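Asks: Starting off with a structure, shown below.
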Amino acid sequence: MVSRSDIQPQTPVEPCSAGFLVLETLKKRADFQRTARGKRAHKDGFVLQATPTGRPTIRIGFTCSKKVGNAVARNRAKRRLREIARLMLPTHGKQGWDYVLIGRASVTASLPFDTLKQDFVAALEKVHQ
RNA sequence: CGGGAAGGCCGGGCGGUCGCGGCCCCAUCCGGGGUCGAGGAAAGUCCGGACUCACUGAAACAUGGGUGCCGGGUAACGCCCGGCGAAGGCAACUUUAGGGACAGCGCCACAGAGAACAGACUGCCAUCUAUAAGAUGGCACAGGUGAAACGGUGGGGUAAAAGCCCACCUCGUUGCGUGCAAGCGUGACGGAGACGGCAAGCCCCACCCAGAGCAAUGCCAAAUAGGGCCCGCACCGUGGCGCGUUUCACGCCCCGCAGGGCCGGGUUGGCAGCUAGAUCCCCGGGGCAAUCCGGGGGCCAGAUGAAUGAUCGCCCAGGAACGGCACGCCGUUCUGGACAGGAUCCGGCUUACAGGCCUUCCCGCAUU
């Protein structure tokens with residue numbers, strides 16, 4: 001249950017010149033399941049799950065099941081979620097936390113992007129309480 | 001101008017800013033630059049192959065599955081092209097699961113008298129009894145039912161009729177011409193006189209096929225497990241085994257042992273397989289066409305929790321409302337871009353698809 005990044009934290013997470021953190025992506029099913037047991041916040045366009053891990057990185061995962069739609073709809077929802085995470089997480093996320101964003105059918109792909117961003121910030125504040 | 005038929009194509013474009021995946025280059029590091037980056041269906045996974053592993057091979061038979069007019073194309077096909085037959089349409093053209101119903105079995109609902117070695121409801125005719133009507137005999141023409149009714153049209157014939165007889169059609173046998181062929185055309189026969197349909201029911205005939213699939217498969221690392229196999233020596237028999245049966249070929253085979261050698265299985269870690277190919281574009285030639293041959297040029301996704309997104313501007317199609325008039329054009333505002341995304345790779349089929357473009361042909365009207 002230990003991944004390679006734990007053994008050698010080769011990339012210390014610190015703001016680079018452009019102001020972005022290096023985000024790591026969740027890939028193991030076990031990581032998703034542990035995050036699902038943490039705090040969660042429901043919004044119109046997505047569901048946010050979060051849990052602290054104690055490691056010096058911010059990690060993010062995305063889930064779009066077949067309930068979201070066909071392959072085009074799933075990929076589009078995942079891309080929009082990935083974009084808001086890329087934009088907002090470096091400034092609003094907390095180090096040492098894992099986050100999982102879950103797409104919702106037909107809403108994630110059609111909601112205005114600004115609304116999605118504002119909802120994401122609000123959801124982050126809720127799970128950090 | 002209106003209506004219709006066939007085939008092909010596109011499937012938004014350009015430019016900012018920030019970002020994503022592969023490869024290459026520069027850089028001590030941070031990082032920077034270049035380049036390429038989803039479809040006509042990438043889809044459904046329905047056929048056909050390549051490739052990999054497994055499998056002792058060949059032939060015959062069996063079993064199971066598939067295909068089914070003829071010719072051609074192809075690596076192959078159940079695909080494609082060109083013909084033939086049949087059906088539909090004024091036509092352009094379209095559709096077609098199209099071998100065999102004297103090898104055998106089976107089925108033919110409802111309606112109808114009768115649905116397969118015929119039978120007679122309403123009828124027709126003759127004779128008798130004789131008021132309507134009935135009895136006996138003859139007939140299978142007409143009516144009605146049905147998806148389908150025991151040949152069709154015309155004539156002769158008869159009490160009324162019927163392939164009862166005749167001509168043509170049809171069916172069978174056969175000759176000639178033509179075509180590679182399916183077939184088409186035409187002739188002969190004192191040949192037949194009804195012989196129903198269904199084989200997308202079993203079946204028969206001809207031909208083809210036969211396991212598993214890239215999570216295939218190979219390599220590396222780690223941890224786990226403790227076993228298995230081969231060689232050699234020795235030894236036995238003309239016997240047994242080798243995934244349907246038989247034959248042939250080929251291979252293997254008790255137990256024991258001084259010794260020598262080798263390794264399997266599962267695990268979603270990594271690497272390979274992984275993208276240059278029945279490939280794409282252009283030109284020339286053969287062919288009615290599918291397609292083939294030759295020459296030149298190009299490199300065109302290789303991810304693996306899986307890369308194309310966010311946002312802004314202008315333009316291009318489309319839609320709606322309002323206004324103007326020369327009545328199908330102009331202006332303003334708003335809206336707005338189908339179906340859908342690789343996962344080993346090809347050839348097909350099928351299904352989904354907003355809107356638009358091009359070519360050829362047919363019919364009708366008008367004009368010359």
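Residues in the structure tokens are named by chain (A, B, ... in the order shown) and by number from 1 within that chain; ligands are numbered from 1 in the order shown.
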Excluding A:Ile84 and residues on its chain fewer than 5 positions from it, collect all residues at most 12 Å away from it, counting only C-alpha atoms (C1' of nucleotides), and give them as a ChimeraX atom specification.
Replies: /A:45-46,60,62,77-79,89-93,101,108,112-121 /B:19,309-310
Asks: Would you save the residues from that selection as a short mmCIF file (atom, residue, chain, number, x, y, z; two decimals), in the first residue's frame, using N, CA and C atoms (P, O5', C5', C4', C3', O3' and C1' of nucleotides)?
Replies:
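The resulting again01.cif:
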data_model
loop_
_atom_site.label_atom_id
_atom_site.label_comp_id
_atom_site.auth_asym_id
_atom_site.auth_seq_id
_atom_site.Cartn_x
_atom_site.Cartn_y
_atom_site.Cartn_z
N GLY A 45 -22.41 21.03 -9.95
CA GLY A 45 -21.64 20.49 -11.06
C GLY A 45 -20.76 19.32 -10.69
N PHE A 46 -20.57 19.05 -9.37
CA PHE A 46 -19.64 17.99 -8.99
C PHE A 46 -19.81 17.67 -7.53
N ILE A 60 -4.75 15.01 -6.44
CA ILE A 60 -6.12 15.20 -6.92
C ILE A 60 -6.47 14.05 -7.84
N PHE A 62 -9.87 12.24 -10.28
CA PHE A 62 -11.13 12.56 -10.96
C PHE A 62 -11.89 11.28 -11.22
N ALA A 77 -16.34 16.09 -19.25
CA ALA A 77 -16.54 16.42 -17.84
C ALA A 77 -15.21 16.34 -17.10
N LYS A 78 -14.42 15.31 -17.40
CA LYS A 78 -13.14 15.15 -16.70
C LYS A 78 -12.18 16.28 -17.05
N ARG A 79 -12.20 16.73 -18.31
CA ARG A 79 -11.31 17.82 -18.71
C ARG A 79 -11.67 19.12 -18.00
N LEU A 89 -6.68 25.08 -7.37
CA LEU A 89 -6.11 24.31 -6.27
C LEU A 89 -4.79 24.88 -5.74
N PRO A 90 -3.89 25.41 -6.57
CA PRO A 90 -2.65 25.95 -6.03
C PRO A 90 -2.86 27.10 -5.06
N THR A 91 -3.91 27.89 -5.23
CA THR A 91 -4.13 29.03 -4.35
C THR A 91 -5.09 28.73 -3.22
N HIS A 92 -6.02 27.75 -3.42
CA HIS A 92 -7.03 27.48 -2.41
C HIS A 92 -6.88 26.12 -1.73
N GLY A 93 -6.05 25.24 -2.27
CA GLY A 93 -5.91 23.92 -1.67
C GLY A 93 -4.93 23.94 -0.51
N LEU A 101 -12.58 14.68 -7.28
CA LEU A 101 -13.72 15.36 -7.88
C LEU A 101 -14.53 14.35 -8.68
N THR A 108 -22.02 18.71 -15.27
CA THR A 108 -20.60 19.07 -15.24
C THR A 108 -20.13 19.64 -16.57
N PRO A 112 -21.84 26.97 -16.59
CA PRO A 112 -20.84 28.00 -16.93
C PRO A 112 -19.56 27.79 -16.13
N PHE A 113 -18.43 28.04 -16.79
CA PHE A 113 -17.14 27.72 -16.17
C PHE A 113 -16.88 28.54 -14.92
N ASP A 114 -17.32 29.83 -14.93
CA ASP A 114 -17.11 30.67 -13.75
C ASP A 114 -17.86 30.12 -12.55
N THR A 115 -19.10 29.67 -12.76
CA THR A 115 -19.87 29.07 -11.68
C THR A 115 -19.16 27.86 -11.11
N LEU A 116 -18.62 27.04 -12.00
CA LEU A 116 -17.88 25.86 -11.58
C LEU A 116 -16.71 26.23 -10.69
N LYS A 117 -15.99 27.31 -11.08
CA LYS A 117 -14.82 27.73 -10.30
C LYS A 117 -15.24 28.22 -8.91
N GLN A 118 -16.32 29.04 -8.87
CA GLN A 118 -16.77 29.58 -7.58
C GLN A 118 -17.24 28.45 -6.67
N ASP A 119 -17.98 27.47 -7.26
CA ASP A 119 -18.45 26.34 -6.47
C ASP A 119 -17.29 25.52 -5.92
N PHE A 120 -16.23 25.42 -6.70
CA PHE A 120 -15.09 24.64 -6.26
C PHE A 120 -14.43 25.29 -5.05
N VAL A 121 -14.27 26.64 -5.10
CA VAL A 121 -13.67 27.35 -3.97
C VAL A 121 -14.53 27.18 -2.72
P G B 19 0.94 28.12 -19.07
"O5'" G B 19 -0.03 26.88 -19.28
"C5'" G B 19 -0.27 25.96 -18.24
"C4'" G B 19 -1.36 24.99 -18.57
"C3'" G B 19 -0.94 23.69 -19.25
"O3'" G B 19 -0.35 22.77 -18.35
"C1'" G B 19 -2.88 24.51 -20.28
P G B 309 -11.27 20.03 -27.00
"O5'" G B 309 -11.66 20.66 -25.59
"C5'" G B 309 -11.92 19.84 -24.46
"C4'" G B 309 -11.42 20.50 -23.20
"C3'" G B 309 -11.79 21.97 -23.03
"O3'" G B 309 -13.12 22.10 -22.53
"C1'" G B 309 -9.50 21.69 -22.55
P A B 310 -14.00 23.39 -22.93
"O5'" A B 310 -13.33 24.55 -22.07
"C5'" A B 310 -13.41 24.55 -20.65
"C4'" A B 310 -12.69 25.75 -20.08
"C3'" A B 310 -13.09 27.09 -20.68
"O3'" A B 310 -14.28 27.60 -20.09
"C1'" A B 310 -10.74 26.95 -20.59
#
Asks: Enumerate as JSON, numbers by chain the residues belonging to chain A that approach chain B to within 12 Å, with only C-alpha atoms (C1' of nucleotides) taken into account.
Replies: {"A": [3, 4, 15, 16, 17, 18, 20, 25, 26, 27, 28, 29, 30, 31, 32, 60, 61, 62, 63, 64, 65, 69, 70, 71, 72, 73, 74, 75, 76, 77, 78, 79, 80, 81, 82, 83, 84, 85, 86, 87, 100, 109, 112, 113, 114, 116, 117]}
Asks: Generate the output file for the selected residues, C-alpha atoms, as a compact mmCIF listing (two decimals), in the first residue's frame.
Replies:
# COMPACT_ATOMS: atom_id res chain seq x y z
CA SER A 3 3.61 3.91 -3.63
CA ARG A 4 6.96 4.91 -4.99
CA PRO A 15 5.51 27.45 -5.59
CA CYS A 16 7.42 27.77 -8.81
CA SER A 17 8.02 30.97 -10.68
CA ALA A 18 4.64 30.94 -12.40
CA PHE A 20 1.68 26.90 -9.73
CA THR A 25 -2.68 12.68 -9.79
CA LEU A 26 -4.28 9.86 -7.88
CA LYS A 27 -4.01 6.55 -9.74
CA LYS A 28 -4.59 3.79 -7.21
CA ARG A 29 -8.03 2.49 -6.46
CA ALA A 30 -7.10 2.33 -2.77
CA ASP A 31 -6.34 6.07 -2.70
CA PHE A 32 -9.78 6.81 -4.13
CA ILE A 60 -6.12 15.20 -6.92
CA GLY A 61 -8.17 12.50 -8.60
CA PHE A 62 -11.13 12.56 -10.96
CA THR A 63 -14.04 10.15 -11.25
CA CYS A 64 -16.58 10.07 -14.04
CA SER A 65 -18.55 6.86 -14.07
CA GLY A 69 -22.84 9.59 -20.16
CA ASN A 70 -21.04 8.19 -23.15
CA ALA A 71 -17.29 8.44 -23.73
CA VAL A 72 -17.46 11.96 -25.15
CA ALA A 73 -19.47 13.26 -22.19
CA ARG A 74 -17.21 11.54 -19.66
CA ASN A 75 -14.01 12.88 -21.20
CA ARG A 76 -15.40 16.39 -21.47
CA ALA A 77 -16.54 16.42 -17.84
CA LYS A 78 -13.14 15.15 -16.70
CA ARG A 79 -11.31 17.82 -18.71
CA ARG A 80 -13.37 20.64 -17.20
CA LEU A 81 -12.83 19.29 -13.67
CA ARG A 82 -9.11 19.00 -14.36
CA GLU A 83 -9.05 22.60 -15.59
CA ILE A 84 -10.71 24.08 -12.48
CA ALA A 85 -8.37 22.03 -10.27
CA ARG A 86 -5.38 23.34 -12.20
CA LEU A 87 -6.55 26.93 -11.86
CA VAL A 100 -11.32 13.65 -5.49
CA ALA A 109 -20.23 19.57 -18.97
CA PRO A 112 -20.84 28.00 -16.93
CA PHE A 113 -17.14 27.72 -16.17
CA ASP A 114 -17.11 30.67 -13.75
CA LEU A 116 -17.88 25.86 -11.58
CA LYS A 117 -14.82 27.73 -10.30
Asks: I'd like to know which of A:Val68, A:Ala36, A:Met88, A:Leu48 is closest to A:Arg104, using only C-alpha atoms.
Replies: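 Distance minimum relative to A:Arg104 lands on A:Val68.
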Asks: Residues near B:G347, anyone? I mean within 12 Å using only C-alpha atoms (C1' of nucleotides), not counting same-chain ones fewer than 3 positions away, as a count of residues only.
Replies: 11
Asks: What separation in Å, quoted to one decimal, exists between atom C1' of B:G123 and atom C1' of B:G143?
Replies: 7.8 Å
Asks: When distances are computed from only C-alpha atoms (C1' of nucleotides), which of B:A140, B:C169, B:C205, B:C189 shows the smallest separation from B:G154?
Replies: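 Once distances to B:G154 are computed over only C-alpha atoms (C1' of nucleotides), the minimum belongs to B:C169.
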Asks: Report the residues of chain A whose backbone DSSP state falls under strand (DSSP E), written as number ranges by chain.
Replies: A: 24-25, 39-42, 46-52, 59-63, 97-103
Asks: How would the residues just picked look written out with C-alpha atoms as a short mmCIF file (atom, residue, chain, number, x, y, z; two decimals), in the first residue's frame?
Replies:
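Output contents, as saved in again02.cif:
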data_model
loop_
_atom_site.label_atom_id
_atom_site.label_comp_id
_atom_site.auth_asym_id
_atom_site.auth_seq_id
_atom_site.Cartn_x
_atom_site.Cartn_y
_atom_site.Cartn_z
CA GLU A 24 0.09 14.84 -8.44
CA THR A 25 -2.68 12.68 -9.79
CA LYS A 39 -15.18 14.83 4.10
CA ARG A 40 -17.38 15.64 1.16
CA ALA A 41 -19.18 18.64 -0.32
CA HIS A 42 -21.99 18.45 -2.89
CA PHE A 46 -19.64 17.99 -8.99
CA VAL A 47 -19.01 16.29 -5.67
CA LEU A 48 -15.77 17.05 -3.81
CA GLN A 49 -14.21 14.52 -1.46
CA ALA A 50 -11.15 15.36 0.67
CA THR A 51 -9.00 13.86 3.38
CA PRO A 52 -5.66 14.84 4.99
CA ARG A 59 -2.98 15.15 -4.81
CA ILE A 60 -6.12 15.20 -6.92
CA GLY A 61 -8.17 12.50 -8.60
CA PHE A 62 -11.13 12.56 -10.96
CA THR A 63 -14.04 10.15 -11.25
CA TRP A 97 -4.52 16.73 1.44
CA ASP A 98 -5.98 14.37 -1.15
CA TYR A 99 -8.94 15.55 -3.18
CA VAL A 100 -11.32 13.65 -5.49
CA LEU A 101 -13.72 15.36 -7.88
CA ILE A 102 -16.71 13.36 -9.09
CA GLY A 103 -18.56 14.40 -12.25
#
Asks: B:C281: which residues within 12 Å, counting only C-alpha atoms (C1' of nucleotides), same-chain residues fewer than 5 positions away excluded, as number ranges by chain?
Replies: B: 296-300
Asks: Kindly save the residues from that selection, with N, CA and C atoms (P, O5', C5', C4', C3', O3' and C1' of nucleotides) included, as an mmCIF file, in the first residue's frame.
Replies:
data_model
loop_
_atom_site.group_PDB
_atom_site.id
_atom_site.type_symbol
_atom_site.label_atom_id
_atom_site.label_comp_id
_atom_site.auth_asym_id
_atom_site.auth_seq_id
_atom_site.Cartn_x
_atom_site.Cartn_y
_atom_site.Cartn_z
ATOM 1 P P G B 296 10.490 5.321 -59.178
ATOM 2 O "O5'" G B 296 9.902 6.727 -58.713
ATOM 3 C "C5'" G B 296 10.302 7.913 -59.383
ATOM 4 C "C4'" G B 296 9.469 9.093 -58.947
ATOM 5 C "C3'" G B 296 9.439 9.373 -57.453
ATOM 6 O "O3'" G B 296 10.602 10.033 -56.992
ATOM 7 C "C1'" G B 296 7.237 9.500 -58.307
ATOM 8 P P G B 297 11.153 9.717 -55.486
ATOM 9 O "O5'" G B 297 10.091 10.463 -54.557
ATOM 10 C "C5'" G B 297 10.001 11.878 -54.573
ATOM 11 C "C4'" G B 297 8.749 12.374 -53.883
ATOM 12 C "C3'" G B 297 8.625 12.058 -52.405
ATOM 13 O "O3'" G B 297 9.390 12.921 -51.584
ATOM 14 C "C1'" G B 297 6.577 11.574 -53.464
ATOM 15 P P G B 298 9.944 12.370 -50.159
ATOM 16 O "O5'" G B 298 8.634 12.316 -49.253
ATOM 17 C "C5'" G B 298 7.922 13.513 -48.952
ATOM 18 C "C4'" G B 298 6.655 13.196 -48.207
ATOM 19 C "C3'" G B 298 6.826 12.537 -46.857
ATOM 20 O "O3'" G B 298 7.111 13.488 -45.844
ATOM 21 C "C1'" G B 298 5.100 11.445 -48.060
ATOM 22 P P C B 299 8.175 13.140 -44.680
ATOM 23 O "O5'" C B 299 7.315 12.292 -43.653
ATOM 24 C "C5'" C B 299 6.091 12.826 -43.149
ATOM 25 C "C4'" C B 299 5.282 11.760 -42.442
ATOM 26 C "C3'" C B 299 5.954 11.165 -41.208
ATOM 27 O "O3'" C B 299 4.986 10.925 -40.203
ATOM 28 C "C1'" C B 299 5.391 9.440 -42.706
ATOM 29 P P C B 300 4.435 12.039 -39.222
ATOM 30 O "O5'" C B 300 2.926 12.289 -39.678
ATOM 31 C "C5'" C B 300 1.891 12.525 -38.759
ATOM 32 C "C4'" C B 300 0.833 11.390 -38.784
ATOM 33 C "C3'" C B 300 1.490 9.983 -38.671
ATOM 34 O "O3'" C B 300 0.809 9.112 -37.775
ATOM 35 C "C1'" C B 300 0.147 10.150 -40.624
#
Asks: Applying 10 Å and only C-alpha atoms (C1' of nucleotides), which residues near stretch 247-251 of chain B remain after dropping the ones on its own chain fewer than 6 positions away? List them as a PyMOL selection string.
Replies: chain B and resi 56-60
Asks: Please run DSSP on the backbone and report, as number ranges by chain, all residues within stretch 74-108 of chain A that come out as helix (DSSP H, G or I).
Replies: A: 74-92
Asks: Mind writing the picked residues with C-alpha atoms as a PDB file, in the first residue's frame?
Replies:
ATOM      1  CA  ARG A  74     -17.206  11.538 -19.660  1.00  0.00           C
ATOM      2  CA  ASN A  75     -14.007  12.880 -21.196  1.00  0.00           C
ATOM      3  CA  ARG A  76     -15.395  16.393 -21.470  1.00  0.00           C
ATOM      4  CA  ALA A  77     -16.536  16.416 -17.836  1.00  0.00           C
ATOM      5  CA  LYS A  78     -13.140  15.148 -16.705  1.00  0.00           C
ATOM      6  CA  ARG A  79     -11.306  17.822 -18.706  1.00  0.00           C
ATOM      7  CA  ARG A  80     -13.366  20.636 -17.197  1.00  0.00           C
ATOM      8  CA  LEU A  81     -12.832  19.288 -13.672  1.00  0.00           C
ATOM      9  CA  ARG A  82      -9.112  18.996 -14.357  1.00  0.00           C
ATOM     10  CA  GLU A  83      -9.047  22.604 -15.587  1.00  0.00           C
ATOM     11  CA  ILE A  84     -10.705  24.080 -12.485  1.00  0.00           C
ATOM     12  CA  ALA A  85      -8.371  22.035 -10.266  1.00  0.00           C
ATOM     13  CA  ARG A  86      -5.379  23.339 -12.197  1.00  0.00           C
ATOM     14  CA  LEU A  87      -6.549  26.925 -11.861  1.00  0.00           C
ATOM     15  CA  MET A  88      -7.848  27.021  -8.290  1.00  0.00           C
ATOM     16  CA  LEU A  89      -6.110  24.311  -6.274  1.00  0.00           C
ATOM     17  CA  PRO A  90      -2.645  25.947  -6.028  1.00  0.00           C
ATOM     18  CA  THR A  91      -4.134  29.033  -4.353  1.00  0.00           C
ATOM     19  CA  HIS A  92      -7.031  27.477  -2.405  1.00  0.00           C
TER      20      HIS A  92
END
Asks: Kindly give the distance, in Å, that separates atom C1' of B:U173 and atom C1' of B:G191, rounded to a single decimal.
Replies: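 Atom-to-atom, atom C1' of B:U173 and atom C1' of B:G191 are spaced 7.2 Å apart.
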Asks: Can you list, as an NGL selection string, every protein, DNA or RNA residue that comes within 12 Å of B:C204 when you count only C-alpha atoms (C1' of nucleotides), leaving out same-chain residues fewer than 3 positions away?
Replies: :B and (99-101 or 103-104 or 199)
Asks: Deliver the residues from the most recent selection as a file, using N, CA and C atoms (P, O5', C5', C4', C3', O3' and C1' of nucleotides), as an mmCIF file, in the first residue's frame.
Replies:
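For reference, selection.cif as written:
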data_model
loop_
_atom_site.group_PDB
_atom_site.id
_atom_site.type_symbol
_atom_site.label_atom_id
_atom_site.label_comp_id
_atom_site.auth_asym_id
_atom_site.auth_seq_id
_atom_site.Cartn_x
_atom_site.Cartn_y
_atom_site.Cartn_z
ATOM 1 P P G B 99 -32.682 -21.161 -54.051
ATOM 2 O "O5'" G B 99 -31.397 -21.777 -54.727
ATOM 3 C "C5'" G B 99 -31.308 -21.953 -56.144
ATOM 4 C "C4'" G B 99 -30.831 -23.351 -56.483
ATOM 5 C "C3'" G B 99 -31.867 -24.457 -56.250
ATOM 6 O "O3'" G B 99 -32.720 -24.601 -57.377
ATOM 7 C "C1'" G B 99 -29.805 -25.074 -55.251
ATOM 8 P P G B 100 -34.291 -24.927 -57.153
ATOM 9 O "O5'" G B 100 -34.262 -26.414 -56.591
ATOM 10 C "C5'" G B 100 -33.844 -27.494 -57.428
ATOM 11 C "C4'" G B 100 -33.877 -28.793 -56.670
ATOM 12 C "C3'" G B 100 -35.202 -29.134 -55.990
ATOM 13 O "O3'" G B 100 -36.118 -29.719 -56.886
ATOM 14 C "C1'" G B 100 -33.404 -29.511 -54.494
ATOM 15 P P A B 101 -37.660 -29.197 -56.951
ATOM 16 O "O5'" A B 101 -38.289 -29.774 -55.625
ATOM 17 C "C5'" A B 101 -38.230 -31.169 -55.349
ATOM 18 C "C4'" A B 101 -39.378 -31.606 -54.458
ATOM 19 C "C3'" A B 101 -40.774 -31.438 -55.067
ATOM 20 O "O3'" A B 101 -41.585 -32.537 -54.659
ATOM 21 C "C1'" A B 101 -40.659 -30.280 -53.017
ATOM 22 P P A B 103 -36.769 -36.896 -55.726
ATOM 23 O "O5'" A B 103 -36.265 -37.878 -54.576
ATOM 24 C "C5'" A B 103 -36.450 -39.272 -54.677
ATOM 25 C "C4'" A B 103 -36.247 -39.944 -53.332
ATOM 26 C "C3'" A B 103 -37.301 -39.628 -52.265
ATOM 27 O "O3'" A B 103 -38.487 -40.390 -52.408
ATOM 28 C "C1'" A B 103 -35.156 -39.389 -51.338
ATOM 29 P P G B 104 -39.901 -39.787 -51.953
ATOM 30 O "O5'" G B 104 -39.785 -39.796 -50.359
ATOM 31 C "C5'" G B 104 -39.761 -41.026 -49.646
ATOM 32 C "C4'" G B 104 -39.365 -40.809 -48.207
ATOM 33 C "C3'" G B 104 -40.341 -40.009 -47.355
ATOM 34 O "O3'" G B 104 -41.455 -40.763 -46.915
ATOM 35 C "C1'" G B 104 -38.148 -39.234 -46.965
ATOM 36 P P A B 199 -39.473 -21.562 -48.322
ATOM 37 O "O5'" A B 199 -38.736 -22.866 -47.799
ATOM 38 C "C5'" A B 199 -38.332 -22.972 -46.437
ATOM 39 C "C4'" A B 199 -37.500 -24.209 -46.198
ATOM 40 C "C3'" A B 199 -36.005 -24.059 -46.504
ATOM 41 O "O3'" A B 199 -35.331 -23.545 -45.380
ATOM 42 C "C1'" A B 199 -36.855 -26.151 -47.302
#
Asks: Identify which of the residues B:C254, B:C243, B:C214, B:C288 lies closest to B:C345, counting only C-alpha atoms (C1' of nucleotides) when measuring atom-to-atom distances.
Replies: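 The answer is B:C214, which sits nearest to B:C345.
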Asks: Would you mind telling me which residue in B:U224, B:U217, B:U63, B:U291 lies nearest to B:G266 when using only C-alpha atoms (C1' of nucleotides)?
Replies: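 With only C-alpha atoms (C1' of nucleotides) as the atom set, the closest residue is B:U224.
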